[in-house]
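As structure tokens, the structure follows; a few thoughts come after it.
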Amino acid sequence: MEQVIMNQLSYPILTTVIFLPVLGALLILISRRSWELWIKWVALITSISTLILALPLFTEFDKTTYKMQFVEKHSWIPEWNINYYLGVDGISILLVLLSALTAILCVMISWYSIKTKVKEFYISILLTTAAMIGVFCSLDFFLFYIFWEAMLIPMFLIIGVWGGPNRIYAAIKFFLYTLVGSVLMLVGIIVLYLYSGRTFDILELMTKSYPYSMQLWLFWAFFAAFAVKVPMWPVHTWLPDAHTEAPTAGSVILAAILIKMGAYGFLRFSLPLFPEASKAMTPVMLILSVIAIIYGAVICLGQTDLKRLIAYSSVSHMGFVTLGIFALNSQGVEGGILQMVNHGVVTGALFLSVGIVYDRTHSRQIADYGGLSTHMPIYAAFFMVFTLASVGFPGTNGFIGEFLVLLGGFTANKLIGVLAATGVILGAAYMLWLYQRVFFMAVNPKVVGLPDMDIRETLTLVPLIVLVFWIGVYPNSFLSFMHASVEHLLERVNMAGSLQEANIAKTIMEGVIR
Amino acid sequence: MKLYVLIPFLPLAAFIINILLGKEVLRNKAHWPSCLAIIGSFIISVITLFDVINGRVINEDLYTWIISGKFQVSIGFLVDQLTAVMLIVVTCVGSLIHIYSIGYMHGDKGYYRFFAYMSLFVFFMLMLVMANNFLLLYVGWEGVGLCSYFLIGFWYEKRAAADAGKKAFIVNRFGDFGFALGIFMIFLTFGTIHYAPVFSEVKNFVGHTVNFLGFEVDLITLIALLLFCGAVGKSAQIPLHVWLPDAMEGPTPVSALIHAATMVTAGVFMVARCNAIFSLSPDAMIVVAIVGAITSLLAATIACVQNDIKRIIAYSTLSHLGMMFIACGVGAYAAGVFHLYTHAFFKALLFLAAGSVIHAVVHNDIQRMGGLKKYMPITYAVMFIGALSAGGIPGLAGFFSKDEIIWSAFASHSEVGKFVWIMLTAVAFFTPFYSFRMIFLTFHGKFRGTHHEEHHLHESPNVMTIPLMILAAGAIAAGWAGIPSVLGGGAHFAHFLEPVVGHPEFHGTHAQEFGVMGLSTTIALIGLVIAFVFYIRKTDIPVMLARKFKFFYVVLFNKYFVDELYNLIIIKPTFWIARKFLVGFTDAKIIEGIVNGVPKAIGVFSNKLRRVHTGIVHHYGIFMAAGAFFIILYVLLWR
């Protein structure tokens, strides 16, 4: 069994971070429906406390080791060898922090825009947060799968209850799409459990090696779950509907965290568990990534709906993430992880921004805007910063991530690198065109007299602005978390390369003997 | 205290002050932070220049910016002779343009915004020239592009302005695409992207080839050409030149600062900076020279028939940038940078003078001007000087630098040296022709606008004319720093840059040098005289020529239809694919067809199956009987 570093803090930090939101949700549950202000404050204070209590992860993290840290392990269902087993490393830690931050922003942005079933809404937000953080911390497959599926239910409700006109279709589509993928992963998990002598311990499973043909099957089973979540081309079509119909907070959670789970899954499970299969499937994954980058970007040029455009841009940006991951070199993988964080920050911010203006006009149609700079100059400035981050402008976070991913991609395969880099041109084209139609040119009568952002809205966006420039100017604060874990991961995958032939031969031999 | 670090950060501070306080607090005093910052930068640049003259070259890192695996890059500065020259150009011309803008932008509702963007631009431009590695260069490179986008689209409520800004940004991204690939190739080859190790190691890679997209190509040529893509975008060379003329939608000081004196010359600067790479690839050098020559000539011909005063100067800028690339392409980097430096003065002057004219007549069409010299004598005088300098009339700044390039082309070892020399000689005719066509149509003859407009004509205020006069002095004297030895000068400029760009090997006698100089000067004077005849003496000739050679006239007037071509082969198809094919077909029909089709098929199937369950007992009886019959049949026949 691999060594881990147990939690040394005075409180079980990961458990606290996961279950504090659940506690908040319970408190809201027993509150009266009419105490709306109380409910909102409970949600806000819970989510802020969650982030504050999660901060030691950032400050106390040991960056010199790849080992799991802040680990908690308790026996849960001993008959089946199931444990309550939590821990974070350089790959998951930033996503945990990002999830905690996102929860606060979602509560703040929904303050006035959610008017019906307020109680249930905030319960859903808090439960989703808990489940998402749980996914990133789980080191036991059984626990992981519970969190993975638990996340779907509140998310399904958020889209289906508080969404736009076409919300039911979008919610069911979202649910079925992800469920189909997840079920295949469940089969994969059970196969691993049985093959490895009945353990769900992820770290232990990583130390074993599996026959090549089994790896291939399992790779595709897990792929089904992760590719849908990312979403990779061509299983991306749930995303535009879900994003567009979801309320602002729902879109933000989807964009910032939920779709990161797929990419996280590739990093946490597919690469280390099935290194030979991953290596063998690299060309397929790179090609799918490049298709996503270009397809997602070009299709943005044909959009007339603000949220739909940003949703498709997510497809393109997540293509960069998977490209980086499957470049299988440190620049690519670290760029990919950073790009996950960046995409969370920037696309989250863009959806928040769209929400701010949607609350005023109740229109998502780009054609209903124009000349907004004149009436909402502060809003225009914020949106410009996020636009620039989205197109990978130097000095913003998007640049660092995109640059590292492209460098990694180009190192892995020049043609792939070149094709992916065209996404940068297209990105500038659709984002600037969007910006022009919304903020520049003649003032649309429909936006005359709109008030600029208020304090609450500004405060919601400020943390994200800070992150945009912090990561852009001094990315080492974040990259340094990853180095050890990524090196370790790549060692495992690339070492497998040399073993690959031996393993294939072994598999064939086994077949012959049988 | 590292004083030089303040050079870029003073303007950045001014930007931050203006963006935070400009709107509410500073208002019509918003020029103060920006002007003070750039003048401060100028003073420090002068101090730094003297440091460099005394042999103190700076190359140091502030902090490590990105670390990932083997990849490491710093925020760090290199201040050598080349950078020192650029610093002076940017901050000196920049200061004058800032001061001029106080008058030009007076009363605009975006006054603070204008100065904020200008300061931000200066910051990025200074980062660009001071960077000590390719990635920081790229930061400055994209940064100036962004500010250019903001400032071209400054009057964003005007659709043309918003369109032009966006076009500039996106067209530049095409060039940057290649530039970024160039940086990737440099990292793959050298394992670092810092200048010093790259430039010192590059000679070890001569003759290496690399497989690029299935082609076996020379490594250094590949790197050089990829980098050059960036230069083609930023310096608006063919085929990415289309954004610069449209960029004239921005306020005139912007055109002077960004689209004449500084940003567009970044490509030339970059090629000169990377001379160690380019010089080792004869093929890349030929490409640079040819692209420069074609751009120079085509732009000069277009400039002869345009009527928008700013666009004429913009095409002139394209033409001059082409000349700078020719110089780089034949190995005379110092001559290219020398022209960059003189061009900054006379072209900024021409733009600002044009701005002064526009300030008075409130439109850009020279056909509706005329006779302005009696209303605005100072503007007339300085613009005349600018045109003389640009046209390469002996004694003025433009003459020395242009002559240096023409001679370099003639005398270089480059295979295409003689070809580009012929092109340059042709350009030498057009430059004074279109410059003086503009002067004569604007200032001479009778005023052709309305009475109302005539009433409004006036000379610009001192805050505008004084910078013009200083720039005019520069347009006369800036070239004296590089008077060639054949004319009794010391060629100080080239000697100063020698440690960075080396010294080209020329073959040619003094007699040849005089001959080449005499030829181009004569041709330039002929161009001037023809302009005089066409637009002052026999004004019916141009009209007649336009009618007689209608085809050529239409082609030139429409800028060789390049915009229309791009629209047809790039923009329209892309949008068609996006709207009709991807949105309408693959996503809506194929993928969604499957996604929605599978549940629908299941639904239809189960609906059919449901019909079997009618609830009528004798139906079930028949099914049972039929089932029993088939089972018995199966057992009897197959068992």
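For the structure tokens, the naming scheme is as follows: chains receive sequential letters (A, B, ...) according to their order of presentation, residues are indexed from 1 within each chain, and ligands are indexed from 1 in presentation order.
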Which chain B residues have any atom within 6 Å of an atom of chain A, and for each, what is the nearest pair of atoms with distance in Å to one decimal, counting only C-alpha atoms, rows sorted by chain and number, as JSON lines?
```
{"residue": "B:Ser68", "atom": "CA", "partner": "A:Gln331", "partner_atom": "CA", "distance": 5.5}
{"residue": "B:Gly69", "atom": "CA", "partner": "A:Ser330", "partner_atom": "CA", "distance": 5.2}
{"residue": "B:Val139", "atom": "CA", "partner": "A:Pro394", "partner_atom": "CA", "distance": 5.2}
{"residue": "B:Tyr156", "atom": "CA", "partner": "A:Phe440", "partner_atom": "CA", "distance": 5.2}
{"residue": "B:Glu157", "atom": "CA", "partner": "A:Met441", "partner_atom": "CA", "distance": 3.8}
{"residue": "B:Lys158", "atom": "CA", "partner": "A:Met441", "partner_atom": "CA", "distance": 5.4}
{"residue": "B:Arg159", "atom": "CA", "partner": "A:Met441", "partner_atom": "CA", "distance": 5.2}
{"residue": "B:Arg173", "atom": "CA", "partner": "A:Ile425", "partner_atom": "CA", "distance": 5.5}
{"residue": "B:Phe184", "atom": "CA", "partner": "A:Leu407", "partner_atom": "CA", "distance": 5.9}
{"residue": "B:Leu213", "atom": "CA", "partner": "A:Leu415", "partner_atom": "CA", "distance": 5.6}
{"residue": "B:Ala578", "atom": "CA", "partner": "A:Ile299", "partner_atom": "CA", "distance": 4.7}
{"residue": "B:Arg579", "atom": "CA", "partner": "A:Gly302", "partner_atom": "CA", "distance": 4.4}
{"residue": "B:Leu582", "atom": "CA", "partner": "A:Ile299", "partner_atom": "CA", "distance": 6.0}
```
For region 523-629 of chain B versus region 427-442 of chain B, which residues have an atom no more than 6 Å away, and what is each residue's nearest atom pair and distance in Å rounded to one decimal, using only C-alpha atoms, chain-then-number order, as a tab-separated table?
```
residue	atom	partner	partner_atom	distance
B:Ile523	CA	B:Phe429	CA	5.3
B:Ala524	CA	B:Phe429	CA	4.8
B:Gly527	CA	B:Phe433	CA	4.7
B:Leu528	CA	B:Phe433	CA	5.2
B:Ala531	CA	B:Phe433	CA	5.2
```
For all heavy atoms, I'd like the residues from the last selection saved as a PDB file, in the first residue's frame.
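Output contents, as saved in again-v8.pdb:
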```pdb
ATOM      1  N   ILE B 523      14.896  60.229 -59.305  1.00  0.00           N
ATOM      2  CA  ILE B 523      13.558  59.658 -59.485  1.00  0.00           C
ATOM      3  C   ILE B 523      12.582  60.266 -58.488  1.00  0.00           C
ATOM      4  O   ILE B 523      11.438  60.591 -58.835  1.00  0.00           O
ATOM      5  CB  ILE B 523      13.633  58.128 -59.355  1.00  0.00           C
ATOM      6  CG1 ILE B 523      14.266  57.569 -60.630  1.00  0.00           C
ATOM      7  CG2 ILE B 523      12.264  57.522 -59.130  1.00  0.00           C
ATOM      8  CD1 ILE B 523      14.483  56.107 -60.616  1.00  0.00           C
ATOM      9  N   ALA B 524      13.047  60.464 -57.245  1.00  0.00           N
ATOM     10  CA  ALA B 524      12.183  61.072 -56.236  1.00  0.00           C
ATOM     11  C   ALA B 524      11.784  62.475 -56.665  1.00  0.00           C
ATOM     12  O   ALA B 524      10.609  62.873 -56.553  1.00  0.00           O
ATOM     13  CB  ALA B 524      12.903  61.105 -54.890  1.00  0.00           C
ATOM     14  N   GLY B 527       9.168  62.397 -59.241  1.00  0.00           N
ATOM     15  CA  GLY B 527       7.868  62.126 -58.632  1.00  0.00           C
ATOM     16  C   GLY B 527       7.251  63.396 -58.081  1.00  0.00           C
ATOM     17  O   GLY B 527       6.056  63.662 -58.259  1.00  0.00           O
ATOM     18  N   LEU B 528       8.089  64.192 -57.418  1.00  0.00           N
ATOM     19  CA  LEU B 528       7.595  65.432 -56.827  1.00  0.00           C
ATOM     20  C   LEU B 528       7.093  66.378 -57.918  1.00  0.00           C
ATOM     21  O   LEU B 528       6.007  66.970 -57.817  1.00  0.00           O
ATOM     22  CB  LEU B 528       8.731  66.079 -56.034  1.00  0.00           C
ATOM     23  CG  LEU B 528       8.390  67.069 -54.927  1.00  0.00           C
ATOM     24  CD1 LEU B 528       9.624  67.320 -54.074  1.00  0.00           C
ATOM     25  CD2 LEU B 528       7.867  68.385 -55.464  1.00  0.00           C
ATOM     26  N   ALA B 531       3.831  65.302 -59.410  1.00  0.00           N
ATOM     27  CA  ALA B 531       2.730  65.646 -58.507  1.00  0.00           C
ATOM     28  C   ALA B 531       2.372  67.118 -58.660  1.00  0.00           C
ATOM     29  O   ALA B 531       1.198  67.497 -58.706  1.00  0.00           O
ATOM     30  CB  ALA B 531       3.118  65.335 -57.065  1.00  0.00           C
TER      31      ALA B 531
END
```
Q: Using only C-alpha atoms, find the one residue out of B:Thr262, B:Ser200, B:Ser235, B:Gln81 that sits nearest to Met125 (chain B).
A: B:Thr262
Q. In Å, how far is it from CA of Ser278 (chain A) to CA of Val346 (chain A)?
A. 29.3 Å
Q. Residues at most 8 Å from region 142-152 of chain B, counting only C-alpha atoms, excluding those fewer than 4 positions away in the same chain, as an MDAnalysis selection string?
A. (chainID A and resid 393:394) or (chainID B and resid 114 117:118 120:122 124:125 138 161:162 164:166 168:169 172 234 247:251 254 258 263)
**Q.** Close residues, region 41-53 of chain B itself excluded, 10 Å, only C-alpha atoms, min 3 positions apart in chain, as a ChimeraX atom specification
**A.** /B:3-11,35-38,56-58,79-95,122-123,126,496
Q: Per DSSP on the backbone, filter region 405-498 of chain B down to the residues in alpha helix (DSSP H) and report them as a PyMOL selection string.
A: chain B and resi 405-411+417-443+451-456+462-477+492-498
